[in-house]
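Dropping start_31.cif in here (mmCIF, C-alpha atoms and all ligand atoms):
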```
data_entry
#
loop_
_atom_site.label_atom_id
_atom_site.label_comp_id
_atom_site.auth_asym_id
_atom_site.auth_seq_id
_atom_site.Cartn_x
_atom_site.Cartn_y
_atom_site.Cartn_z
CA MET A 1 0.00 0.00 0.00
CA ARG A 2 1.53 3.27 -1.03
CA PRO A 3 -1.06 6.03 -1.40
CA PHE A 4 1.48 8.74 -0.76
CA ALA A 5 4.38 9.34 -3.12
CA ALA A 6 7.50 11.02 -1.78
CA PRO A 7 6.96 14.77 -2.21
CA THR A 8 9.40 15.66 -4.95
CA LEU A 9 8.04 19.22 -5.11
CA ILE A 10 8.77 19.55 -1.41
CA SER A 11 12.25 18.10 -1.72
CA VAL A 12 13.04 20.73 -4.33
CA LEU A 13 11.63 23.51 -2.19
CA ILE A 14 13.67 22.38 0.77
CA ALA A 15 16.78 22.37 -1.32
CA LEU A 16 16.00 25.92 -2.39
CA CYS A 17 15.26 27.16 1.11
CA GLY A 18 17.92 28.54 3.39
CA THR A 19 17.90 27.50 7.02
CA ALA A 20 18.41 30.99 8.48
CA ALA A 21 15.83 31.65 11.17
CA LEU A 22 13.62 34.70 10.77
CA SER A 23 14.39 35.47 14.38
CA ALA A 24 18.03 35.11 15.43
CA GLU A 25 17.19 34.69 19.11
CA PRO A 26 17.86 31.04 20.17
CA LYS A 27 14.84 29.43 21.79
CA ALA A 28 14.35 26.59 24.20
CA ASN A 29 12.86 23.39 22.85
CA LEU A 30 9.30 24.23 21.96
CA ALA A 31 8.30 20.66 21.19
CA ASN A 32 5.59 19.33 23.47
CA THR A 33 6.64 18.36 26.97
CA ILE A 34 4.79 17.30 30.10
CA SER A 35 5.01 19.68 33.03
CA LEU A 36 4.65 18.44 36.59
CA GLU A 37 3.27 21.83 37.62
CA ALA A 38 -0.47 21.62 38.16
CA SER A 39 -1.20 25.05 36.67
CA HIS A 40 1.03 24.70 33.60
CA PRO A 41 -0.84 24.53 30.23
CA ASP A 42 0.97 21.22 29.55
CA SER A 43 0.37 19.89 33.06
CA PHE A 44 0.35 16.17 33.77
CA ARG A 45 -3.12 16.80 35.15
CA ASN A 46 -4.43 17.12 31.61
CA PHE A 47 -3.79 13.42 30.96
CA ALA A 48 -6.43 10.81 31.60
CA PRO A 49 -5.93 8.36 34.47
CA GLU A 50 -5.40 4.68 33.66
CA LEU A 51 -8.63 2.94 32.75
CA PRO A 52 -10.32 1.17 35.68
CA GLU A 53 -10.56 -2.05 33.62
CA LEU A 54 -6.75 -2.10 33.40
CA ARG A 55 -6.27 -1.41 37.10
CA ALA A 56 -8.70 -4.19 37.95
CA ARG A 57 -6.64 -6.68 35.94
CA ALA A 58 -3.26 -5.71 37.42
CA ALA A 59 -1.48 -8.54 39.23
CA GLN A 60 -0.54 -8.07 42.88
CA ILE A 61 2.61 -9.27 44.60
CA ASN A 62 1.53 -12.42 46.45
CA THR A 63 4.82 -13.84 47.77
CA GLU A 64 7.22 -12.76 50.47
CA PHE A 65 9.97 -12.29 47.92
CA GLY A 66 8.53 -9.60 45.67
CA LEU A 67 6.94 -11.67 42.91
CA HIS A 68 3.41 -12.42 41.82
CA VAL A 69 3.09 -16.15 41.11
CA SER A 70 -0.16 -17.69 39.92
CA GLU A 71 -1.15 -21.03 38.42
CA ILE A 72 -3.03 -20.03 35.26
CA GLU A 73 -3.53 -23.61 34.01
CA PRO A 74 -2.77 -26.86 35.86
CA GLY A 75 1.02 -26.90 36.29
CA LEU A 76 1.57 -23.66 34.36
CA PHE A 77 2.64 -20.67 36.44
CA PHE A 78 2.70 -16.98 35.48
CA VAL A 79 5.34 -14.88 37.27
CA THR A 80 5.75 -11.11 37.34
CA ASN A 81 7.43 -8.44 39.45
CA LEU A 82 4.83 -6.08 37.91
CA ILE A 83 7.41 -4.84 35.37
CA TYR A 84 8.73 -8.04 33.76
CA GLN A 85 7.00 -11.37 33.15
CA SER A 86 8.05 -14.99 32.77
CA ALA A 87 6.51 -18.41 33.33
CA PHE A 88 7.34 -21.97 34.26
CA VAL A 89 5.58 -25.25 33.68
CA VAL A 90 5.76 -28.28 35.95
CA THR A 91 5.87 -31.46 33.86
CA ASP A 92 5.94 -35.13 34.89
CA THR A 93 9.75 -35.16 34.73
CA GLY A 94 10.74 -31.67 35.85
CA VAL A 95 10.25 -27.94 35.57
CA VAL A 96 10.64 -25.98 32.35
CA VAL A 97 11.44 -22.27 32.80
CA LEU A 98 10.28 -19.87 30.11
CA ASP A 99 12.56 -16.80 30.34
CA ALA A 100 14.52 -15.63 33.36
CA PRO A 101 14.59 -11.83 33.76
CA PRO A 102 17.55 -10.59 35.83
CA SER A 103 15.24 -8.26 37.74
CA PHE A 104 13.76 -11.37 39.38
CA GLY A 105 17.24 -12.30 40.61
CA THR A 106 17.20 -15.70 42.29
CA ASN A 107 13.54 -15.29 43.30
CA LEU A 108 12.22 -17.08 40.23
CA ARG A 109 14.02 -20.18 41.47
CA THR A 110 12.58 -19.58 44.92
CA ALA A 111 9.10 -19.45 43.36
CA ILE A 112 9.71 -22.74 41.55
CA ASP A 113 10.97 -24.38 44.74
CA LEU A 114 7.81 -23.18 46.46
CA LYS A 115 5.37 -24.51 43.84
CA ALA A 116 7.25 -27.66 42.80
CA PRO A 117 9.43 -28.45 45.82
CA ASP A 118 10.56 -31.93 44.83
CA MET A 119 10.94 -31.45 41.10
CA PRO A 120 14.22 -30.92 39.28
CA ILE A 121 14.53 -27.95 36.92
CA THR A 122 15.37 -29.51 33.58
CA HIS A 123 14.97 -26.79 30.91
CA LEU A 124 15.32 -23.06 30.38
CA ILE A 125 13.76 -21.91 27.12
CA MET A 126 14.67 -18.38 26.01
CA SER A 127 12.23 -16.21 24.04
CA HIS A 128 15.13 -14.10 22.78
CA GLY A 129 18.63 -13.16 23.81
CA HIS A 130 18.09 -9.76 25.38
CA ARG A 131 19.61 -9.50 28.80
CA ASP A 132 16.59 -7.81 30.38
CA HIS A 133 14.51 -10.96 29.79
CA ASN A 134 17.14 -13.70 30.18
CA GLY A 135 20.01 -12.24 32.18
CA GLY A 136 18.57 -14.09 35.19
CA GLY A 137 19.92 -17.35 33.77
CA PHE A 138 22.73 -17.13 36.31
CA ALA A 139 20.27 -18.28 38.99
CA PHE A 140 20.06 -21.68 37.23
CA ALA A 141 23.72 -21.99 36.19
CA ASP A 142 24.58 -24.53 38.92
CA ILE A 143 21.99 -27.09 37.75
CA ASP A 144 23.69 -30.19 36.32
CA GLY A 145 22.39 -31.17 32.90
CA LEU A 146 20.16 -28.11 32.51
CA GLU A 147 19.04 -27.90 28.90
CA VAL A 148 19.14 -24.27 27.72
CA VAL A 149 17.17 -23.87 24.50
CA SER A 150 17.32 -20.92 22.10
CA ALA A 151 17.03 -20.18 18.42
CA ALA A 152 20.33 -20.70 16.61
CA GLY A 153 20.59 -17.00 15.74
CA VAL A 154 20.44 -16.06 19.41
CA SER A 155 23.16 -18.54 20.24
CA GLU A 156 25.40 -17.08 17.52
CA THR A 157 24.80 -13.54 18.74
CA LEU A 158 25.60 -14.51 22.33
CA ALA A 159 28.73 -16.40 21.28
CA ALA A 160 30.03 -13.22 19.63
CA HIS A 161 28.72 -10.88 22.33
CA PRO A 162 28.15 -12.66 25.64
CA LEU A 163 25.73 -10.91 27.99
CA GLU A 164 26.07 -10.98 31.74
CA GLY A 165 23.83 -13.59 33.31
CA VAL A 166 22.55 -15.04 30.01
CA LEU A 167 23.39 -18.74 29.79
CA PRO A 168 24.79 -20.17 26.54
CA ALA A 169 22.39 -22.53 24.79
CA THR A 170 22.94 -26.27 25.01
CA ARG A 171 20.36 -26.93 22.30
CA THR A 172 19.50 -24.69 19.35
CA PHE A 173 17.10 -24.86 16.44
CA GLU A 174 16.44 -23.21 13.10
CA GLY A 175 12.88 -22.49 12.07
CA ALA A 176 10.85 -24.58 14.47
CA LEU A 177 11.31 -27.12 17.23
CA ASP A 178 8.55 -29.27 18.76
CA LEU A 179 9.36 -30.59 22.21
CA THR A 180 7.48 -32.93 24.49
CA ILE A 181 8.86 -32.69 28.01
CA GLY A 182 7.35 -34.83 30.76
CA GLY A 183 4.10 -35.09 28.81
CA VAL A 184 3.86 -31.36 28.03
CA ASP A 185 3.98 -30.29 24.37
CA ILE A 186 5.98 -27.11 23.74
CA ALA A 187 6.17 -25.73 20.19
CA LEU A 188 8.91 -23.23 19.41
CA GLN A 189 8.76 -21.11 16.28
CA ALA A 190 11.44 -18.67 15.17
CA ALA A 191 10.05 -15.29 14.08
CA ARG A 192 11.06 -11.69 13.47
CA PHE A 193 9.14 -8.99 15.30
CA HIS A 194 11.42 -7.53 17.96
CA ALA A 195 15.03 -8.66 18.43
CA GLU A 196 17.81 -7.80 15.98
CA ASP A 197 18.57 -11.48 15.41
CA VAL A 198 15.57 -13.71 16.04
CA ASP A 199 12.59 -14.05 18.35
CA THR A 200 10.98 -17.30 19.44
CA ILE A 201 7.22 -17.76 19.78
CA ILE A 202 6.62 -20.27 22.58
CA TYR A 203 3.34 -22.20 22.43
CA LEU A 204 1.83 -24.74 24.82
CA PRO A 205 -1.20 -26.03 22.90
CA ALA A 206 -2.84 -28.02 25.71
CA GLN A 207 -2.63 -24.97 27.99
CA ARG A 208 -3.72 -22.60 25.17
CA PHE A 209 -0.73 -20.49 26.18
CA LEU A 210 1.20 -18.27 23.77
CA MET A 211 4.32 -16.33 24.68
CA ALA A 212 5.80 -13.64 22.42
CA ILE A 213 7.99 -11.21 24.29
CA ASP A 214 8.25 -7.46 23.82
CA THR A 215 5.12 -7.26 21.71
CA ILE A 216 1.85 -5.91 23.08
CA THR A 217 1.06 -4.27 26.43
CA PRO A 218 -2.33 -5.72 27.45
CA GLY A 219 -4.93 -3.11 28.35
CA GLU A 220 -2.70 -0.27 27.17
CA VAL A 221 -1.71 1.17 23.85
CA PRO A 222 1.84 0.19 22.87
CA PHE A 223 4.81 1.94 24.39
CA MET A 224 6.29 5.01 22.65
CA ASN A 225 6.86 4.68 18.88
CA PHE A 226 5.24 1.22 18.88
CA GLY A 227 7.87 -0.07 21.27
CA ALA A 228 10.60 1.65 19.25
CA THR A 229 10.17 -0.91 16.48
CA SER A 230 12.69 -0.66 13.68
CA ASP A 231 10.48 -2.74 11.38
CA VAL A 232 6.99 -1.29 11.00
CA SER A 233 5.84 -3.79 8.37
CA GLY A 234 7.11 -6.70 10.47
CA TYR A 235 5.37 -5.20 13.48
CA LEU A 236 2.03 -4.97 11.67
CA ALA A 237 2.38 -8.51 10.32
CA MET A 238 3.04 -10.12 13.73
CA PHE A 239 -0.56 -9.84 14.94
CA ASP A 240 -1.94 -12.27 12.36
CA THR A 241 0.97 -14.62 13.08
CA PHE A 242 -0.10 -14.72 16.73
CA LEU A 243 -3.81 -14.95 15.98
CA ASP A 244 -3.20 -18.04 13.83
CA TYR A 245 -2.55 -19.89 17.10
CA ASN A 246 -5.37 -21.22 19.27
CA PHE A 247 -4.70 -19.53 22.61
CA ASP A 248 -6.42 -17.93 25.62
CA HIS A 249 -3.34 -16.69 27.52
CA PHE A 250 -0.84 -14.31 25.92
CA LEU A 251 2.36 -13.55 27.81
CA SER A 252 4.07 -10.51 26.29
CA GLY A 253 6.82 -9.89 28.82
CA HIS A 254 5.96 -6.52 30.34
CA VAL A 255 3.63 -4.84 32.82
CA SER A 256 1.74 -6.86 35.37
CA VAL A 257 -1.23 -7.87 33.24
CA LEU A 258 -1.32 -11.29 31.59
CA GLY A 259 -2.80 -10.85 28.12
CA ASN A 260 -5.43 -12.80 26.25
CA ARG A 261 -6.69 -13.19 22.71
CA ASP A 262 -8.85 -10.08 22.90
CA ASP A 263 -5.79 -8.02 23.90
CA VAL A 264 -3.96 -9.12 20.76
CA ILE A 265 -6.97 -8.30 18.58
CA LYS A 266 -7.31 -4.87 20.19
CA ALA A 267 -3.60 -4.12 19.76
CA ARG A 268 -3.84 -5.14 16.10
CA ASP A 269 -6.93 -3.00 15.50
CA TYR A 270 -5.26 -0.05 17.21
CA ALA A 271 -2.06 -0.31 15.17
CA PHE A 272 -3.97 -0.59 11.90
CA ASP A 273 -6.24 2.30 12.88
CA VAL A 274 -3.16 4.49 13.38
CA ARG A 275 -1.79 3.35 10.03
CA ASP A 276 -5.05 4.02 8.17
CA THR A 277 -5.45 7.41 9.85
CA VAL A 278 -1.98 8.58 8.85
CA TYR A 279 -2.34 7.33 5.28
CA GLY A 280 -5.74 9.03 5.07
CA LEU A 281 -4.11 12.34 5.99
CA MET A 282 -1.03 12.06 3.75
CA PRO A 283 -2.71 13.73 0.74
CA THR A 284 -2.80 16.96 2.80
CA PHE A 285 0.99 16.96 3.27
CA ASN A 286 1.89 19.22 0.36
CA ASP A 287 -0.69 21.88 1.23
CA ARG A 288 0.51 21.92 4.82
CA MET A 289 4.11 22.23 3.63
CA MET A 290 3.24 25.17 1.38
CA GLU A 291 1.43 26.86 4.23
CA GLY A 292 4.54 26.52 6.36
CA LEU A 293 6.84 27.73 3.60
CA ASN A 294 4.69 30.81 3.03
CA ALA A 295 4.69 31.60 6.74
CA VAL A 296 8.50 31.52 6.91
CA GLU A 297 8.77 33.32 3.54
CA PHE A 298 10.60 30.33 2.07
CA GLN A 299 13.49 30.86 4.51
CA ASN A 300 13.35 27.60 6.47
CA GLY A 301 12.36 24.44 4.64
CA ASN A 302 13.00 22.21 7.61
CA LEU A 303 10.61 24.22 9.72
CA ALA A 304 7.91 23.98 7.05
CA TYR A 305 8.49 20.23 6.74
CA ARG A 306 8.22 19.74 10.47
CA PHE A 307 5.09 21.93 10.51
CA ALA A 308 3.48 19.63 7.93
CA MET A 309 4.51 16.53 9.87
CA GLU A 310 3.21 17.93 13.14
CA GLY A 311 -0.09 18.86 11.54
CA ILE A 312 -0.66 15.31 10.35
CA ARG A 313 0.67 13.80 13.55
CA ASP A 314 -1.57 15.96 15.73
CA GLU A 315 -4.69 15.45 13.65
CA CYS A 316 -4.02 11.70 13.60
CA SER A 317 -3.49 11.53 17.36
CA ALA A 318 -6.63 13.59 18.06
CA GLN A 319 -8.69 11.15 15.99
CA VAL A 320 -7.03 8.08 17.47
CA ILE A 321 -7.39 9.31 21.06
CA ASP A 322 -11.05 10.05 20.43
CA ARG A 323 -11.67 6.53 19.13
CA TRP A 324 -9.58 4.64 21.68
CA GLN A 325 -9.64 6.52 24.99
CA ASP A 326 -12.37 4.28 26.41
CA ARG A 327 -10.82 1.05 25.09
CA LEU A 328 -7.08 1.20 25.82
CA SER A 329 -5.22 2.96 28.62
CA VAL A 330 -2.78 5.85 28.17
CA VAL A 331 -3.65 6.48 24.53
CA ASP A 332 -3.37 10.23 25.20
CA LEU A 333 0.27 9.71 26.26
CA TRP A 334 1.54 7.73 23.30
CA ALA A 335 -0.79 8.25 20.31
CA ASP A 336 1.29 11.12 18.91
CA SER A 337 4.41 8.94 18.89
CA HIS A 338 2.52 6.13 17.13
CA CYS A 339 1.21 8.54 14.50
CA GLU A 340 4.72 9.93 14.04
CA THR A 341 6.23 6.46 13.63
CA ILE A 342 3.75 5.59 10.88
CA LEU A 343 4.18 9.05 9.34
CA VAL A 344 7.95 8.63 9.07
CA TYR A 345 7.40 5.14 7.64
CA ALA A 346 4.90 6.54 5.09
CA ILE A 347 7.38 9.20 3.99
CA MET A 348 10.28 6.76 3.70
CA HIS A 349 8.43 3.95 1.90
ZN ZN B 401 13.88 -7.57 24.12
#
```
Output the file's structure as structure tokens, nothing else.
Amino acid sequence: MRPFAAPTLISVLIALCGTAALSAEPKANLANTISLEASHPDSFRNFAPELPELRARAAQINTEFGLHVSEIEPGLFFVTNLIYQSAFVVTDTGVVVLDAPPSFGTNLRTAIDLKAPDMPITHLIMSHGHRDHNGGGFAFADIDGLEVVSAAGVSETLAAHPLEGVLPATRTFEGALDLTIGGVDIALQAARFHAEDVDTIIYLPAQRFLMAIDTITPGEVPFMNFGATSDVSGYLAMFDTFLDYNFDHFLSGHVSVLGNRDDVIKARDYAFDVRDTVYGLMPTFNDRMMEGLNAVEFQNGNLAYRFAMEGIRDECSAQVIDRWQDRLSVVDLWADSHCETILVYAIMH
């Protein structure tokens, strides 16, 4: 889809324009900022509170060691410190750990000992190689015969650039790997939606449990700039990849809320709404640019270009906030960054 061609007229005008400011006086950054002063026009008080539906779903710490641990299906445990998430499954032959964030420290192992006191820990399966989700591997490093499973690309990256606390894989795979451990089926599928090398989608079909880390934030719009994705088309494509699975639980790695199928659908609909809104506004780009150029008397092409971008970004975010403020939390905080991400993508592609 490419309804907007790169503005050649505008490129020429920019080339012709000087960059001398009409006013020589240097100014502070005028771009939008949040003030913590209550009376400031950009006060934090102007932002909506989190939606009550989200607050009602938030997990609570329910152990003495700072973690929330809950059995979401028989033998399958969800763990969060309210910022990071992981899971473990107790099989007939031992415990399989699914990601070990370093922010849990050794407490993930404490949680496993609590819920499965007499079971050995046999496997650590890594969703991807980033330290913030698997740098807690050190807490399992002393276990004899521990099978550490990752996609081959992750193993290669870590061999070249070891990360503190992340254990080297003892078993790798390309493409897909279907495991049955102590009677529990675990399907691993390599994918590209977040990490620079490779991500792994972890699926437990009997538990209807899908794990894809650093993807959606259940109950909320995505983090700034769609989670700072460097691959907008890959980002948009990932939702249908996930929805092809039959799942009820969706573990996405962050915040305290465990996601579900509806969360993935909502996140998809939101992302595509932002995309469609930006592309719907792109035909107004040239007129906005000309308006800016006229205002600065053709003396600052960059300013006119940014003016045009801001106009589309702000109109997009106003529309998106209006449509989503009752459905997803904190849309008023991040919608402008989402619109801007798609806008930059639309200009560059
Ligand atoms: Zn990551």
Chain A residues near ligand ZN 401 (chain B) within 10 Å, closest pair each, using only C-alpha atoms and all ligand atoms, as CSV:
```
residue,atom,partner,partner_atom,distance
A:Ser127,CA,B:ZN401,ZN,8.8
A:His128,CA,B:ZN401,ZN,6.8
A:Gly129,CA,B:ZN401,ZN,7.3
A:His130,CA,B:ZN401,ZN,4.9
A:Arg131,CA,B:ZN401,ZN,7.6
A:Asp132,CA,B:ZN401,ZN,6.8
A:His133,CA,B:ZN401,ZN,6.6
A:Asn134,CA,B:ZN401,ZN,9.2
A:His194,CA,B:ZN401,ZN,6.6
A:Ala195,CA,B:ZN401,ZN,5.9
A:Glu196,CA,B:ZN401,ZN,9.0
A:Asp199,CA,B:ZN401,ZN,8.8
A:Ile213,CA,B:ZN401,ZN,6.9
A:Asp214,CA,B:ZN401,ZN,5.6
A:Thr215,CA,B:ZN401,ZN,9.1
A:Gly253,CA,B:ZN401,ZN,8.8
```
Handout entry: Surrounding residues of Arg268 in chain A excluding itself and chain neighbours under 4 positions, 12 Å, only C-alpha atoms, as a list in words
Key =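 Returned residues: Thr215, Ile216, Thr217, Pro218, Val221, Pro222, Phe226, Tyr235, Leu236, Ala237, Met238, Phe239, Asp240, Thr241, Phe242, Leu243, Arg261, Asp262, Asp263, Val264, Phe272, Asp273, Val274 and Arg275 of chain A.
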Those selected residues, please, written with C-alpha atoms and delivered as a PDB file, in the coordinates of the input.
```
ATOM      1  CA  THR A 215       5.120  -7.260  21.710  1.00  0.00           C
ATOM      2  CA  ILE A 216       1.850  -5.910  23.080  1.00  0.00           C
ATOM      3  CA  THR A 217       1.060  -4.270  26.430  1.00  0.00           C
ATOM      4  CA  PRO A 218      -2.330  -5.720  27.450  1.00  0.00           C
ATOM      5  CA  VAL A 221      -1.710   1.170  23.850  1.00  0.00           C
ATOM      6  CA  PRO A 222       1.840   0.190  22.870  1.00  0.00           C
ATOM      7  CA  PHE A 226       5.240   1.220  18.880  1.00  0.00           C
ATOM      8  CA  TYR A 235       5.370  -5.200  13.480  1.00  0.00           C
ATOM      9  CA  LEU A 236       2.030  -4.970  11.670  1.00  0.00           C
ATOM     10  CA  ALA A 237       2.380  -8.510  10.320  1.00  0.00           C
ATOM     11  CA  MET A 238       3.040 -10.120  13.730  1.00  0.00           C
ATOM     12  CA  PHE A 239      -0.560  -9.840  14.940  1.00  0.00           C
ATOM     13  CA  ASP A 240      -1.940 -12.270  12.360  1.00  0.00           C
ATOM     14  CA  THR A 241       0.970 -14.620  13.080  1.00  0.00           C
ATOM     15  CA  PHE A 242      -0.100 -14.720  16.730  1.00  0.00           C
ATOM     16  CA  LEU A 243      -3.810 -14.950  15.980  1.00  0.00           C
ATOM     17  CA  ARG A 261      -6.690 -13.190  22.710  1.00  0.00           C
ATOM     18  CA  ASP A 262      -8.850 -10.080  22.900  1.00  0.00           C
ATOM     19  CA  ASP A 263      -5.790  -8.020  23.900  1.00  0.00           C
ATOM     20  CA  VAL A 264      -3.960  -9.120  20.760  1.00  0.00           C
ATOM     21  CA  PHE A 272      -3.970  -0.590  11.900  1.00  0.00           C
ATOM     22  CA  ASP A 273      -6.240   2.300  12.880  1.00  0.00           C
ATOM     23  CA  VAL A 274      -3.160   4.490  13.380  1.00  0.00           C
ATOM     24  CA  ARG A 275      -1.790   3.350  10.030  1.00  0.00           C
TER      25      ARG A 275
END
```
Between CA of Asp42 in chain A and CA of Asp332 in chain A, what distance in Å does the model show, to one decimal?
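Spanning CA of Asp42 in chain A to CA of Asp332 in chain A is a straight-line distance of 12.6 Å.
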Gly145 in chain A proximity check over A:Leu179, A:Ile121, A:Glu37, A:Leu293, using all atoms listed in the file: winner is A:Ile121
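Using only C-alpha atoms, the residues found no farther than 9 Å from range 47-52 of chain A, other than those of its own chain fewer than 4 positions away, are A:Ser43, A:Ala56, A:Arg57, A:Gly219, A:Glu220, A:Gln325, A:Asp326, A:Arg327, A:Leu328, A:Ser329, A:Val330, A:Val331, A:Asp332, A:Leu333.
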**Request:** Have a look at A:Phe209, A:Pro102, A:Gly136, A:Thr157 and name the one nearest to Ile186 in chain A; count all atoms listed in the file.
**Result:**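 Closest to Ile186 in chain A of all the choices is A:Phe209.
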Quick one: pull the distance between CA of Asp142 in chain A and CA of Asp113 in chain A, Å, one decimal.
->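 Result for CA of Asp142 in chain A versus CA of Asp113 in chain A: 14.8 Å, one decimal.
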Which residues come within 9 Å of Arg313 in chain A, counting all atoms listed in the file, excluding same-chain residues fewer than 4 positions away, as an mmCIF file with C-alpha atoms, in the frame of the given file?
```cif
data_model
loop_
_atom_site.group_PDB
_atom_site.id
_atom_site.type_symbol
_atom_site.label_atom_id
_atom_site.label_comp_id
_atom_site.auth_asym_id
_atom_site.auth_seq_id
_atom_site.Cartn_x
_atom_site.Cartn_y
_atom_site.Cartn_z
ATOM 1 C CA VAL A 278 -1.980 8.580 8.850
ATOM 2 C CA ALA A 308 3.480 19.630 7.930
ATOM 3 C CA MET A 309 4.510 16.530 9.870
ATOM 4 C CA SER A 317 -3.490 11.530 17.360
ATOM 5 C CA ALA A 318 -6.630 13.590 18.060
ATOM 6 C CA ALA A 335 -0.790 8.250 20.310
ATOM 7 C CA ASP A 336 1.290 11.120 18.910
ATOM 8 C CA SER A 337 4.410 8.940 18.890
ATOM 9 C CA HIS A 338 2.520 6.130 17.130
ATOM 10 C CA CYS A 339 1.210 8.540 14.500
ATOM 11 C CA GLU A 340 4.720 9.930 14.040
ATOM 12 C CA LEU A 343 4.180 9.050 9.340
#
```
Open item on the list: So the first atom is CA of Asp92 in chain A and the second is CA of Gly183 in chain A; what is the distance between them in Å, to one decimal place?
Closed with: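 CA of Asp92 in chain A sits 6.4 Å away from CA of Gly183 in chain A.
Distance check against Gly66 in chain A using all atoms listed in the file: of A:Phe78, A:Phe104, A:Tyr305, A:Phe285, the minimum falls on A:Phe104.
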Open item on the list: Given only C-alpha atoms as the basis, pick out the residue of A:Phe173, A:Phe223, A:Phe44, A:Phe138 nearest to Gly153 in chain A.
Closed with: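 Using only C-alpha atoms, the shortest distance to Gly153 in chain A belongs to A:Phe173.
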Skipping near chain neighbours, those fewer than 6 positions away, what residues fall within 10 Å of Arg306 in chain A using only C-alpha atoms, listed as an mmCIF file with C-alpha atoms, in the frame of the given file?
```cif
data_model
loop_
_atom_site.group_PDB
_atom_site.id
_atom_site.type_symbol
_atom_site.label_atom_id
_atom_site.label_comp_id
_atom_site.auth_asym_id
_atom_site.auth_seq_id
_atom_site.Cartn_x
_atom_site.Cartn_y
_atom_site.Cartn_z
ATOM 1 C CA ARG A 288 0.510 21.920 4.820
ATOM 2 C CA MET A 289 4.110 22.230 3.630
ATOM 3 C CA GLY A 292 4.540 26.520 6.360
ATOM 4 C CA ILE A 312 -0.660 15.310 10.350
#
```
Counting only C-alpha atoms, which residue out of A:Ser252, A:Leu281, A:Thr341, A:Leu124 sits closest to Ala267 in chain A?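 Among A:Ser252, A:Leu281, A:Thr341, A:Leu124, it is A:Ser252 that comes nearest to Ala267 in chain A.
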| Taking all atoms listed in the file into account, which of A:Asn246, A:His123, A:Gly311, A:Phe88 comes nearest Met282 in chain A? |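 Going through A:Asn246, A:His123, A:Gly311, A:Phe88 one by one, the smallest distance to Met282 in chain A is for A:Gly311.
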N, CA and C atoms for range 220-234 of chain A, written as an mmCIF file, in the coordinates of the input, could you do that?
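Result file selection.cif:
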```cif
data_model
loop_
_atom_site.group_PDB
_atom_site.id
_atom_site.type_symbol
_atom_site.label_atom_id
_atom_site.label_comp_id
_atom_site.auth_asym_id
_atom_site.auth_seq_id
_atom_site.Cartn_x
_atom_site.Cartn_y
_atom_site.Cartn_z
ATOM 1 N N GLU A 220 -3.253 -1.584 27.478
ATOM 2 C CA GLU A 220 -2.700 -0.270 27.170
ATOM 3 C C GLU A 220 -2.378 -0.200 25.687
ATOM 4 N N VAL A 221 -2.283 1.029 25.189
ATOM 5 C CA VAL A 221 -1.710 1.170 23.850
ATOM 6 C C VAL A 221 -0.226 0.815 23.940
ATOM 7 N N PRO A 222 0.419 0.542 22.818
ATOM 8 C CA PRO A 222 1.840 0.190 22.870
ATOM 9 C C PRO A 222 2.686 1.327 23.452
ATOM 10 N N PHE A 223 3.852 0.956 23.902
ATOM 11 C CA PHE A 223 4.810 1.940 24.390
ATOM 12 C C PHE A 223 5.204 2.887 23.241
ATOM 13 N N MET A 224 5.871 3.961 23.592
ATOM 14 C CA MET A 224 6.290 5.010 22.650
ATOM 15 C C MET A 224 6.817 4.451 21.321
ATOM 16 N N ASN A 225 6.381 5.061 20.225
ATOM 17 C CA ASN A 225 6.860 4.680 18.880
ATOM 18 C C ASN A 225 6.651 3.188 18.594
ATOM 19 N N PHE A 226 5.512 2.656 19.042
ATOM 20 C CA PHE A 226 5.240 1.220 18.880
ATOM 21 C C PHE A 226 6.409 0.385 19.418
ATOM 22 N N GLY A 227 6.778 0.692 20.657
ATOM 23 C CA GLY A 227 7.870 -0.070 21.270
ATOM 24 C C GLY A 227 9.183 0.122 20.534
ATOM 25 N N ALA A 228 9.351 1.328 19.949
ATOM 26 C CA ALA A 228 10.600 1.650 19.250
ATOM 27 C C ALA A 228 10.928 0.610 18.180
ATOM 28 N N THR A 229 9.899 0.091 17.518
ATOM 29 C CA THR A 229 10.170 -0.910 16.480
ATOM 30 C C THR A 229 11.003 -0.307 15.343
ATOM 31 N N SER A 230 11.894 -1.097 14.837
ATOM 32 C CA SER A 230 12.690 -0.660 13.680
ATOM 33 C C SER A 230 12.137 -1.270 12.402
ATOM 34 N N ASP A 231 11.027 -2.010 12.523
ATOM 35 C CA ASP A 231 10.480 -2.740 11.380
ATOM 36 C C ASP A 231 8.962 -2.644 11.431
ATOM 37 N N VAL A 232 8.426 -1.534 10.883
ATOM 38 C CA VAL A 232 6.990 -1.290 11.000
ATOM 39 C C VAL A 232 6.184 -2.368 10.275
ATOM 40 N N SER A 233 6.627 -2.781 9.091
ATOM 41 C CA SER A 233 5.840 -3.790 8.370
ATOM 42 C C SER A 233 5.882 -5.127 9.097
ATOM 43 N N GLY A 234 7.024 -5.473 9.674
ATOM 44 C CA GLY A 234 7.110 -6.700 10.470
ATOM 45 C C GLY A 234 6.237 -6.614 11.712
#
```
